[in-house]
>>> print(open('start.cif').read())   # mmCIF, C-alpha atoms and all ligand atoms
data_entry
loop_
_atom_site.label_atom_id
_atom_site.label_comp_id
_atom_site.auth_asym_id
_atom_site.auth_seq_id
_atom_site.Cartn_x
_atom_site.Cartn_y
_atom_site.Cartn_z
CA MET A 16 40.74 9.40 -5.54
CA LYS A 17 42.03 5.99 -4.54
CA LYS A 18 40.44 2.79 -3.23
CA ASN A 19 41.26 3.91 0.28
CA ASP A 20 39.17 7.09 -0.21
CA ILE A 21 36.25 4.99 -1.43
CA GLN A 22 36.48 2.88 1.72
CA LYS A 23 36.20 6.04 3.83
CA LEU A 24 33.24 7.22 1.74
CA LEU A 25 31.43 3.88 2.15
CA LEU A 26 31.96 3.92 5.89
CA TRP A 27 30.66 7.47 6.07
CA TYR A 28 27.59 6.38 4.03
CA GLU A 29 26.91 3.47 6.33
CA GLN A 30 26.95 5.80 9.34
CA ASN A 31 25.12 8.78 7.85
CA LYS A 32 22.70 7.62 5.13
CA ARG A 33 19.09 8.74 5.24
CA ASP A 34 16.43 6.09 5.63
CA LEU A 35 14.67 6.46 2.26
CA PRO A 36 12.01 4.03 0.97
CA TRP A 37 13.82 3.21 -2.28
CA ARG A 38 16.79 2.07 -0.19
CA HIS A 39 14.71 -0.83 1.13
CA THR A 40 14.19 -2.48 -2.24
CA LYS A 41 16.18 -4.18 -4.99
CA ASP A 42 13.21 -4.10 -7.37
CA ALA A 43 14.54 -2.41 -10.53
CA TYR A 44 11.05 -1.11 -11.40
CA LYS A 45 10.77 0.72 -8.07
CA ILE A 46 14.31 2.08 -8.32
CA TRP A 47 13.59 3.30 -11.84
CA ILE A 48 10.48 5.16 -10.59
CA SER A 49 12.39 6.74 -7.70
CA GLU A 50 15.33 7.81 -9.86
CA THR A 51 13.00 9.31 -12.46
CA MET A 52 11.06 11.24 -9.84
CA LEU A 53 14.30 12.43 -8.22
CA GLN A 54 15.53 14.04 -11.44
CA GLN A 55 15.12 17.81 -10.95
CA THR A 56 13.02 17.22 -7.81
CA ARG A 57 13.95 17.26 -4.12
CA VAL A 58 13.79 14.14 -1.95
CA ASP A 59 11.18 15.67 0.44
CA THR A 60 8.89 16.47 -2.48
CA VAL A 61 9.29 13.02 -4.03
CA LEU A 62 8.55 10.94 -0.90
CA PRO A 63 4.71 11.16 -0.87
CA TYR A 64 4.53 10.84 -4.68
CA TYR A 65 6.71 7.73 -4.65
CA GLU A 66 4.57 5.98 -2.04
CA ARG A 67 1.27 6.89 -3.74
CA PHE A 68 2.53 5.98 -7.23
CA LEU A 69 3.73 2.53 -6.20
CA LYS A 70 0.62 1.83 -4.19
CA ARG A 71 -1.49 2.43 -7.29
CA LEU A 72 1.02 1.04 -9.84
CA PRO A 73 3.10 -1.59 -8.04
CA THR A 74 4.31 -3.37 -11.17
CA LEU A 75 5.57 -2.57 -14.63
CA LYS A 76 2.40 -4.07 -16.10
CA ASP A 77 0.28 -1.64 -14.04
CA LEU A 78 2.26 1.29 -15.42
CA ALA A 79 2.04 -0.01 -19.00
CA THR A 80 -1.74 -0.36 -18.81
CA VAL A 81 -2.92 2.62 -16.70
CA SER A 82 -4.78 5.40 -18.54
CA GLU A 83 -2.75 8.51 -19.34
CA GLU A 84 -5.28 10.63 -17.42
CA GLU A 85 -4.75 8.66 -14.25
CA LEU A 86 -0.99 8.57 -14.69
CA LEU A 87 -0.84 12.36 -15.06
CA LYS A 88 -3.06 12.78 -12.01
CA LEU A 89 -0.59 10.68 -10.00
CA TRP A 90 2.20 12.94 -11.28
CA GLU A 91 0.27 16.20 -10.75
CA GLY A 92 2.49 18.79 -9.04
CA LEU A 93 5.82 17.00 -9.66
CA GLY A 94 6.43 18.95 -12.88
CA TYR A 95 8.37 17.89 -16.00
CA TYR A 96 5.43 15.75 -17.08
CA SER A 97 7.35 14.25 -20.00
CA ARG A 98 9.06 12.12 -17.33
CA ALA A 99 5.73 10.42 -16.58
CA ARG A 100 4.88 9.97 -20.25
CA ASN A 101 8.30 8.49 -20.98
CA LEU A 102 7.97 6.10 -18.04
CA GLN A 103 4.79 4.78 -19.56
CA LYS A 104 6.19 4.63 -23.10
CA ALA A 105 9.15 2.60 -21.81
CA ALA A 106 6.88 0.32 -19.76
CA LYS A 107 4.72 -0.31 -22.84
CA ILE A 108 7.78 -1.20 -24.94
CA LEU A 109 8.94 -3.73 -22.31
CA TRP A 110 5.46 -5.12 -21.73
CA ALA A 111 5.01 -5.59 -25.50
CA GLN A 112 8.15 -7.76 -25.39
CA LYS A 113 6.52 -9.82 -22.61
CA LEU A 114 8.93 -8.36 -20.04
CA ASP A 115 7.38 -7.55 -16.69
CA PHE A 116 10.59 -6.16 -15.17
CA LEU A 117 13.56 -4.00 -16.17
CA PRO A 118 16.30 -6.41 -17.23
CA PRO A 119 19.98 -5.85 -16.29
CA ASP A 120 20.80 -5.15 -19.92
CA LYS A 121 22.59 -1.86 -20.60
CA ASN A 122 21.97 -1.96 -24.38
CA LEU A 123 18.25 -2.48 -23.92
CA LEU A 124 17.82 0.04 -21.10
CA GLU A 125 19.63 2.90 -22.85
CA LYS A 126 17.32 2.64 -25.86
CA LEU A 127 14.18 3.19 -23.77
CA PRO A 128 12.53 6.63 -23.79
CA GLY A 129 13.51 8.87 -20.88
CA ILE A 130 16.37 6.62 -19.76
CA GLY A 131 19.74 8.33 -20.14
CA PRO A 132 23.21 7.25 -18.98
CA TYR A 133 22.53 8.37 -15.39
CA THR A 134 19.34 6.31 -15.03
CA VAL A 135 20.96 3.28 -16.69
CA GLY A 136 23.84 3.53 -14.20
CA ALA A 137 21.47 3.97 -11.26
CA ILE A 138 19.30 0.97 -12.21
CA LEU A 139 22.24 -1.32 -12.95
CA SER A 140 24.34 -0.38 -9.93
CA ILE A 141 21.58 0.04 -7.31
CA ALA A 142 19.20 -2.76 -8.30
CA TYR A 143 21.64 -5.27 -9.83
CA ASP A 144 25.00 -4.42 -8.23
CA ILE A 145 26.59 -4.07 -11.66
CA GLU A 146 29.71 -1.88 -11.99
CA GLU A 147 28.12 0.93 -14.03
CA PRO A 148 28.65 4.49 -12.74
CA ALA A 149 25.66 6.78 -12.24
CA ILE A 150 26.67 10.42 -12.54
CA ASP A 151 24.02 13.01 -11.71
CA GLY A 152 24.29 16.64 -10.61
CA ASN A 153 25.10 15.64 -7.02
CA VAL A 154 27.93 13.35 -8.07
CA LEU A 155 29.30 15.91 -10.54
CA ARG A 156 29.41 18.53 -7.81
CA VAL A 157 31.53 16.21 -5.66
CA LEU A 158 33.86 15.23 -8.51
CA SER A 159 34.25 18.79 -9.80
CA ARG A 160 35.64 19.72 -6.37
CA VAL A 161 37.76 16.64 -5.84
CA TYR A 162 39.46 17.26 -9.21
CA GLU A 163 39.06 21.07 -9.43
CA GLU A 164 37.34 20.56 -12.77
CA SER A 165 37.92 23.54 -15.03
CA GLU A 166 35.49 22.48 -17.79
CA ASP A 167 31.70 22.80 -17.94
CA ILE A 168 30.44 19.85 -15.87
CA LEU A 169 27.34 19.51 -18.03
CA SER A 170 29.41 18.59 -21.09
CA LEU A 171 29.34 15.01 -22.31
CA LYS A 172 33.14 14.97 -22.35
CA VAL A 173 33.38 15.64 -18.61
CA ARG A 174 30.72 13.03 -17.78
CA LYS A 175 32.54 10.43 -19.87
CA LYS A 176 35.86 11.25 -18.22
CA TYR A 177 34.36 10.75 -14.76
CA ALA A 178 32.61 7.53 -15.78
CA GLU A 179 36.05 6.17 -16.72
CA ILE A 180 37.54 7.36 -13.41
CA LEU A 181 34.73 5.80 -11.33
CA ARG A 182 34.38 2.46 -13.13
CA PRO A 183 37.57 0.83 -11.78
CA LEU A 184 36.87 2.22 -8.30
CA MET A 185 33.60 0.28 -8.23
CA LYS A 186 35.43 -3.03 -8.40
CA ASP A 187 35.52 -5.05 -5.17
CA VAL A 188 32.89 -2.88 -3.46
CA SER A 189 29.10 -2.90 -3.59
CA PRO A 190 28.15 -0.89 -6.71
CA ASN A 191 24.83 -0.12 -5.01
CA PHE A 192 26.47 1.50 -1.97
CA PHE A 193 29.11 3.11 -4.20
CA THR A 194 26.49 4.97 -6.25
CA GLN A 195 24.29 5.89 -3.32
CA SER A 196 27.23 7.08 -1.21
CA PHE A 197 28.30 9.62 -3.86
CA ILE A 198 24.69 10.81 -4.25
CA GLU A 199 24.36 11.09 -0.47
CA LEU A 200 27.63 12.96 -0.06
CA GLY A 201 26.50 15.48 -2.69
CA ALA A 202 23.12 15.86 -0.96
CA LEU A 203 24.31 16.13 2.66
CA VAL A 204 27.92 17.37 2.75
CA CYS A 205 29.23 18.52 -0.63
CA THR A 206 26.35 20.95 -1.02
CA LYS A 207 26.33 24.43 -2.57
CA VAL A 208 28.10 25.65 0.57
CA PRO A 209 29.93 22.45 1.57
CA VAL A 210 30.61 21.21 5.10
CA CYS A 211 34.17 20.04 4.41
CA GLN A 212 35.11 19.19 8.02
CA LYS A 213 32.55 16.36 7.83
CA CYS A 214 33.64 15.09 4.42
CA PRO A 215 35.25 11.64 4.12
CA LEU A 216 36.94 12.80 0.91
CA ASN A 217 38.57 15.95 2.31
CA THR A 218 42.00 14.32 2.28
CA CYS A 219 41.91 13.77 -1.49
CA CYS A 220 39.89 16.84 -2.49
CA GLN A 221 41.89 19.37 -4.51
CA ALA A 222 39.37 22.14 -3.92
CA TYR A 223 39.55 21.60 -0.16
CA LYS A 224 43.34 21.57 -0.31
CA HIS A 225 43.34 24.95 -2.09
CA GLN A 226 40.20 26.25 -0.33
CA THR A 227 38.52 26.83 -3.70
CA MET A 228 35.35 24.81 -2.97
CA LEU A 229 33.01 27.69 -3.78
CA CYS A 230 34.54 28.11 -7.26
CA TYR A 231 33.23 24.64 -8.26
CA PRO A 232 31.35 23.31 -10.10
CA LYS A 233 31.99 25.74 -12.95
CA LYS A 234 28.90 26.32 -15.02
CA LYS A 235 28.17 28.30 -18.14
CA VAL A 236 26.29 31.54 -17.50
CA LYS A 237 22.60 30.69 -17.83
CA LYS A 238 20.40 32.56 -20.30
CA GLU A 239 17.64 34.71 -18.81
CA LYS A 240 14.25 32.97 -19.00
CA PRO A 241 11.67 34.79 -21.14
CA ILE A 242 8.56 36.09 -19.31
CA PHE A 243 5.06 35.44 -20.68
CA PHE A 244 2.11 37.55 -19.55
CA LYS A 245 -1.33 35.93 -19.50
CA THR A 246 -4.87 36.48 -18.31
CA VAL A 247 -6.63 33.49 -16.78
CA PHE A 248 -10.42 33.16 -16.54
CA LEU A 249 -12.18 31.17 -13.87
CA PHE A 250 -15.48 30.82 -15.67
CA ARG A 251 -18.00 29.77 -13.02
CA TYR A 252 -21.49 28.47 -13.65
CA CYS A 253 -23.54 27.21 -10.64
CA ASP A 254 -20.47 26.03 -8.75
CA THR A 255 -18.90 24.35 -11.73
CA PHE A 256 -15.79 25.70 -13.44
CA MET A 257 -14.62 25.56 -17.01
CA ILE A 258 -11.39 23.68 -17.69
CA HIS A 259 -9.73 22.95 -20.95
CA LYS A 260 -7.36 20.24 -22.15
CA ARG A 261 -4.07 21.61 -23.47
CA LEU A 262 -2.63 20.51 -26.81
CA GLU A 263 -0.82 17.18 -27.05
CA ASN A 264 2.53 18.83 -27.72
CA GLY A 265 4.64 21.44 -25.99
CA LEU A 266 4.66 22.71 -22.43
CA LEU A 267 2.16 20.97 -20.06
CA ALA A 268 0.91 18.87 -22.97
CA ASN A 269 -2.44 17.08 -22.42
CA LEU A 270 -2.89 18.54 -18.93
CA TYR A 271 -5.91 20.64 -17.98
CA GLU A 272 -5.86 24.41 -17.58
CA PHE A 273 -8.25 27.24 -16.85
CA PRO A 274 -8.93 29.15 -20.07
CA ASN A 275 -6.44 31.91 -20.69
CA VAL A 276 -5.15 34.40 -23.26
CA ASP A 277 -1.62 35.64 -23.95
CA ALA A 278 -1.88 39.19 -22.56
CA SER A 279 -2.25 40.95 -19.18
CA PHE A 280 -5.79 42.35 -19.33
CA THR A 281 -7.19 45.12 -17.13
CA LEU A 282 -10.78 44.69 -15.90
CA GLU A 283 -11.95 46.93 -18.70
CA GLU A 284 -10.13 44.86 -21.32
CA VAL A 285 -11.62 41.68 -19.84
CA CYS A 286 -15.17 43.10 -20.21
CA HIS A 287 -14.39 44.09 -23.77
CA TYR A 288 -12.98 40.64 -24.54
CA LEU A 289 -16.01 38.84 -23.08
CA HIS A 290 -18.33 41.09 -25.03
CA GLN A 291 -16.44 40.39 -28.25
CA LYS A 292 -16.59 36.64 -27.63
CA LYS A 293 -20.32 36.88 -26.82
CA ILE A 294 -19.79 35.39 -23.40
CA PHE A 295 -22.69 36.53 -21.21
CA TYR A 296 -21.78 37.05 -17.58
CA LYS A 297 -23.43 38.19 -14.36
CA ASP A 298 -20.28 39.37 -12.66
CA VAL A 299 -16.54 39.65 -13.21
CA SER A 300 -13.90 40.35 -10.60
CA PHE A 301 -10.11 40.55 -10.40
CA LEU A 302 -8.76 37.88 -8.02
CA GLY A 303 -5.08 38.78 -8.10
CA GLU A 304 -1.77 37.82 -9.70
CA VAL A 305 0.11 34.54 -9.89
CA SER A 306 3.64 33.90 -11.08
CA HIS A 307 5.34 30.63 -11.89
CA VAL A 308 8.82 29.66 -13.02
CA PHE A 309 9.25 26.73 -15.43
CA SER A 310 12.59 25.29 -16.51
CA HIS A 311 12.79 27.56 -19.58
CA GLN A 312 10.25 30.35 -19.04
CA LYS A 313 8.38 32.40 -16.46
CA TRP A 314 4.65 33.13 -16.45
CA PHE A 315 3.00 36.15 -14.95
CA LEU A 316 -0.78 35.85 -14.71
CA HIS A 317 -3.72 38.16 -14.06
CA VAL A 318 -6.62 36.09 -12.72
CA TYR A 319 -10.32 36.94 -13.06
CA GLU A 320 -13.42 35.14 -11.93
CA VAL A 321 -16.30 35.39 -14.39
CA VAL A 322 -19.75 34.31 -13.14
CA LEU A 323 -21.68 33.15 -16.18
CA GLU A 324 -25.35 33.40 -16.96
CA LYS A 325 -25.19 30.08 -18.77
CA PRO A 326 -22.42 27.58 -19.52
CA ILE A 327 -20.37 28.10 -22.67
CA LEU A 328 -21.52 25.59 -25.29
CA HIS A 329 -19.38 22.49 -25.94
CA GLU A 330 -16.96 23.36 -23.14
CA LEU A 331 -16.12 21.26 -20.10
CA PHE A 332 -17.52 22.47 -16.76
CA VAL A 333 -16.47 20.47 -13.69
CA THR A 334 -17.06 20.55 -9.95
CA ARG A 335 -14.52 21.41 -7.24
CA GLU A 336 -14.40 17.73 -6.32
CA GLU A 337 -13.49 16.75 -9.90
CA ILE A 338 -10.77 19.40 -10.04
CA LEU A 339 -9.31 17.87 -6.91
CA LYS A 340 -9.70 14.20 -7.75
CA VAL A 341 -10.07 13.58 -11.47
CA TYR A 342 -8.34 16.08 -13.73
CA SER A 343 -4.62 16.66 -13.77
CA ILE A 344 -4.04 20.35 -13.27
CA PRO A 345 -0.41 21.53 -13.26
CA THR A 346 1.03 23.56 -10.39
CA VAL A 347 0.71 26.93 -12.12
CA PHE A 348 -3.07 26.46 -12.44
CA GLN A 349 -3.27 24.95 -8.95
CA LYS A 350 -1.87 28.30 -7.79
CA VAL A 351 -4.73 30.02 -9.66
CA TRP A 352 -7.19 27.67 -7.96
CA LYS A 353 -5.66 28.43 -4.54
CA LEU A 354 -6.01 32.16 -5.18
CA HIS A 355 -9.69 31.64 -5.98
CA LYS A 356 -10.15 29.67 -2.76
CA GLU A 357 -8.41 32.36 -0.71
CA ASN A 358 -10.67 35.04 -2.22
CA GLN A 359 -13.75 32.99 -1.34
CA GLU A 360 -12.58 32.49 2.24
CA LEU A 361 -12.03 36.26 2.54
CA GLU A 362 -15.54 36.93 1.21
CA SER A 363 -17.15 34.54 3.65
CA SER A 364 -15.21 35.73 6.73
N1 LIG A 401 18.84 11.64 -5.96
C1 LIG A 401 18.95 10.87 -7.04
N2 LIG A 401 18.99 9.57 -6.71
C2 LIG A 401 18.88 9.50 -5.37
C3 LIG A 401 18.86 8.44 -4.43
N3 LIG A 401 18.90 7.17 -4.84
N4 LIG A 401 18.74 8.75 -3.12
C4 LIG A 401 18.66 10.04 -2.73
N5 LIG A 401 18.68 11.08 -3.57
C5 LIG A 401 18.80 10.82 -4.87
#
>>> encode(input="start.cif", output="structure tokens")
Amino acid sequence: MKKNDIQKLLLWYEQNKRDLPWRHTKDAYKIWISETMLQQTRVDTVLPYYERFLKRLPTLKDLATVSEEELLKLWEGLGYYSRARNLQKAAKILWAQKLDFLPPDKNLLEKLPGIGPYTVGAILSIAYDIEEPAIDGNVLRVLSRVYEESEDILSLKVRKKYAEILRPLMKDVSPNFFTQSFIELGALVCTKVPVCQKCPLNTCCQAYKHQTMLCYPKKKVKKEKPIFFKTVFLFRYCDTFMIHKRLENGLLANLYEFPNVDASFTLEEVCHYLHQKKIFYKDVSFLGEVSHVFSHQKWFLHVYEVVLEKPILHELFVTREEILKVYSIPTVFQKVWKLHKENQELESS
């Protein structure tokens, strides 16, 4: 890749870029939020979250001081909740140093929780026009084809090599447009099945030259995700439902869930379990099955509604409205809630 290729890429970007809200700002705080949301999440999914988040938390101080409950509710459904917690941890660290913005300081930024080399590069290049490369999955896909990269693109060694290749190419151009043009090319043209006729880099791309595009990027074979079987209980008492706060560590930490056990119960086993636990119920019914894939595991759930005679002591029973508006319930349990709603609609039709 030469300067001339970068010129072609920048021209292509100018003519083809999507109109995205974080492209209308130079506020490093807003760019940080967008880049964090965009990690592992598609642009279409992020858009409404980004707008709502910044409406409620327009400044770094707002993020540093919001309650964790409210923060997680704003993040509900985006997944990878540690991203939200790290955003707040980082905001608190900066706010404690009387900083109400993200400074253009690589050393400081890279020490903050949740901010890795990609995010540092994105903040510095996009918000501050500093020549610091930002290499995410999109960019690696492009580079792995341009250079027919034979090594695992997720290795640190490969990332470092490409950072050194990109750095000098950022000179004399806008680092902001440089970063965003590579991201955009990876998102729109150099996709899983690339559209090479439309690519501004097809004249310097080794994979295009040898028609080996589909062989790149090379990745290690992924391990199979383990499957966990669970039974979920929708304990209902007078139109309130029992929810439960998960532990502060591990998967879905501190979020709310419907009570569940680690086994796939039949109706008979559910009755036996409730009897054993001395939970007195009027009715119990099987609502169906739900499955959900996390980054490192899959869940397979049997869902039962249990209509109680009285609430279970010391447990939290909440209304439909509160489930919707107050408590942060991760997607897997939102699917359970949706199943319950569908069953009710069937009953009443
Ligand atoms: N993915 C990661 N960063 C992005 C950006 N700034 N615009 C569009 N998609 C992205």
>>> residues_around(input="start.cif", residues="Lys186 (chain A)", least_positions_apart="5", cutoff="10 Å", atoms="all atoms listed in the file", output="list in words")
Lys18, Ile145, Glu146, Leu181 and Phe193 of chain A
>>> residues_near_point(input="start.cif", point="(37.1, 2.8, -5.6)", cutoff="6 Å", atoms="only C-alpha atoms", output="PyMOL selection string")
chain A and resi 17-18+21+184-185
>>> atom_distance(input="start.cif", atom1="CA of Val347 (chain A)", atom2="atom N5 of ligand LIG 401 (chain A)")
25.4 Å
>>> residues_around(input="start.cif", residues="Leu229 (chain A)", least_positions_apart="4", cutoff="12 Å", atoms="only C-alpha atoms", output="VMD selection string")
chain A and resid 156 to 157 159 to 160 163 205 to 211 222 to 223 225 233
>>> closest_atom_pairs(input="start.cif", of="region 111-200 of chain A", to="region 89-98 of chain A", cutoff="10 Å", atoms="all atoms listed in the file", output="JSON lines")
{"residue": "A:Pro128", "atom": "CA", "partner": "A:Arg98", "partner_atom": "CA", "distance": 9.2}
{"residue": "A:Gly129", "atom": "CA", "partner": "A:Arg98", "partner_atom": "CA", "distance": 6.6}
{"residue": "A:Ile130", "atom": "CA", "partner": "A:Arg98", "partner_atom": "CA", "distance": 9.5}
>>> write_last_selection(input="start.cif", atoms="C-alpha atoms", output="compact mmCIF listing (two decimals), keeping the file's coordinate frame")
# COMPACT_ATOMS: atom_id res chain seq x y z
CA PRO A 128 12.53 6.63 -23.79
CA GLY A 129 13.51 8.87 -20.88
CA ILE A 130 16.37 6.62 -19.76
>>> residues_near_ligand(input="start.cif", ligand="ligand LIG 401 (chain A)", cutoff="10 Å", atoms="all atoms listed in the file", output="compact mmCIF listing (two decimals) with C-alpha atoms, in the frame of the given file")
# COMPACT_ATOMS: atom_id res chain seq x y z
CA LYS A 32 22.70 7.62 5.13
CA ARG A 33 19.09 8.74 5.24
CA ASP A 34 16.43 6.09 5.63
CA LEU A 35 14.67 6.46 2.26
CA PRO A 36 12.01 4.03 0.97
CA TRP A 37 13.82 3.21 -2.28
CA ARG A 38 16.79 2.07 -0.19
CA ILE A 46 14.31 2.08 -8.32
CA TRP A 47 13.59 3.30 -11.84
CA SER A 49 12.39 6.74 -7.70
CA GLU A 50 15.33 7.81 -9.86
CA THR A 51 13.00 9.31 -12.46
CA MET A 52 11.06 11.24 -9.84
CA LEU A 53 14.30 12.43 -8.22
CA GLN A 54 15.53 14.04 -11.44
CA GLN A 55 15.12 17.81 -10.95
CA THR A 56 13.02 17.22 -7.81
CA ARG A 57 13.95 17.26 -4.12
CA VAL A 58 13.79 14.14 -1.95
CA ASP A 59 11.18 15.67 0.44
CA VAL A 61 9.29 13.02 -4.03
CA TYR A 133 22.53 8.37 -15.39
CA THR A 134 19.34 6.31 -15.03
CA ALA A 137 21.47 3.97 -11.26
CA ILE A 138 19.30 0.97 -12.21
CA ILE A 141 21.58 0.04 -7.31
CA ALA A 149 25.66 6.78 -12.24
CA ILE A 150 26.67 10.42 -12.54
CA ASP A 151 24.02 13.01 -11.71
CA GLY A 152 24.29 16.64 -10.61
CA ASN A 153 25.10 15.64 -7.02
CA VAL A 154 27.93 13.35 -8.07
CA ASN A 191 24.83 -0.12 -5.01
CA PHE A 192 26.47 1.50 -1.97
CA THR A 194 26.49 4.97 -6.25
CA GLN A 195 24.29 5.89 -3.32
CA SER A 196 27.23 7.08 -1.21
CA PHE A 197 28.30 9.62 -3.86
CA ILE A 198 24.69 10.81 -4.25
CA GLU A 199 24.36 11.09 -0.47
CA LEU A 200 27.63 12.96 -0.06
CA GLY A 201 26.50 15.48 -2.69
CA ALA A 202 23.12 15.86 -0.96
CA LEU A 203 24.31 16.13 2.66
>>> closest_residue(input="start.cif", among="A:Glu330, A:Glu336, A:Lys292, A:Leu102", to="Glu83 (chain A)", atoms="all atoms listed in the file")
A:Leu102
>>> residues_near_point(input="start.cif", point="(-11.7, 41.4, -11.5)", cutoff="6 Å", atoms="all atoms listed in the file", output="list in words")
Leu282, Val299, Ser300, Phe301, Leu302 and Tyr319 of chain A
>>> atom_distance(input="start.cif", atom1="CA of Pro148 (chain A)", atom2="CA of Ile180 (chain A)")
9.4 Å
>>> atom_distance(input="start.cif", atom1="CA of Asp77 (chain A)", atom2="CA of Asp42 (chain A)")
14.8 Å
>>> closest_residue(input="start.cif", among="A:Thr334, A:Gln221, A:Asn275, A:Ser170", to="Arg251 (chain A)", atoms="only C-alpha atoms")
A:Thr334
>>> decode(input="start.cif", residues="region 110-121 of chain A", atoms="N, CA and C atoms", output="mmCIF file, in the first residue's frame")
data_model
loop_
_atom_site.group_PDB
_atom_site.id
_atom_site.type_symbol
_atom_site.label_atom_id
_atom_site.label_comp_id
_atom_site.auth_asym_id
_atom_site.auth_seq_id
_atom_site.Cartn_x
_atom_site.Cartn_y
_atom_site.Cartn_z
ATOM 1 N N TRP A 110 -12.828 11.757 36.260
ATOM 2 C CA TRP A 110 -13.565 12.779 37.022
ATOM 3 C C TRP A 110 -12.876 13.028 38.359
ATOM 4 N N ALA A 111 -12.310 11.966 38.953
ATOM 5 C CA ALA A 111 -11.589 12.119 40.229
ATOM 6 C C ALA A 111 -10.333 12.975 40.043
ATOM 7 N N GLN A 112 -9.824 12.990 38.807
ATOM 8 C CA GLN A 112 -8.640 13.848 38.528
ATOM 9 C C GLN A 112 -9.078 15.213 38.002
ATOM 10 N N LYS A 113 -10.352 15.543 38.219
ATOM 11 C CA LYS A 113 -10.929 16.834 37.807
ATOM 12 C C LYS A 113 -10.929 17.003 36.278
ATOM 13 N N LEU A 114 -10.911 15.891 35.562
ATOM 14 C CA LEU A 114 -10.977 15.969 34.092
ATOM 15 C C LEU A 114 -12.416 15.718 33.668
ATOM 16 N N ASP A 115 -12.969 16.630 32.878
ATOM 17 C CA ASP A 115 -14.335 16.400 32.412
ATOM 18 C C ASP A 115 -14.354 16.079 30.912
ATOM 19 N N PHE A 116 -13.235 15.599 30.406
ATOM 20 C CA PHE A 116 -13.148 15.183 28.999
ATOM 21 C C PHE A 116 -12.049 14.129 28.879
ATOM 22 N N LEU A 117 -11.991 13.467 27.722
ATOM 23 C CA LEU A 117 -10.899 12.506 27.502
ATOM 24 C C LEU A 117 -9.744 13.244 26.860
ATOM 25 N N PRO A 118 -8.607 13.349 27.540
ATOM 26 C CA PRO A 118 -7.510 14.141 26.977
ATOM 27 C C PRO A 118 -6.796 13.393 25.850
ATOM 28 N N PRO A 119 -6.134 14.133 24.935
ATOM 29 C CA PRO A 119 -5.401 13.489 23.841
ATOM 30 C C PRO A 119 -4.048 12.959 24.323
ATOM 31 N N ASP A 120 -4.074 12.073 25.285
ATOM 32 C CA ASP A 120 -2.861 11.618 25.943
ATOM 33 C C ASP A 120 -2.846 10.083 25.912
ATOM 34 N N LYS A 121 -2.028 9.549 24.997
ATOM 35 C CA LYS A 121 -2.011 8.101 24.768
ATOM 36 C C LYS A 121 -1.703 7.323 26.054
#
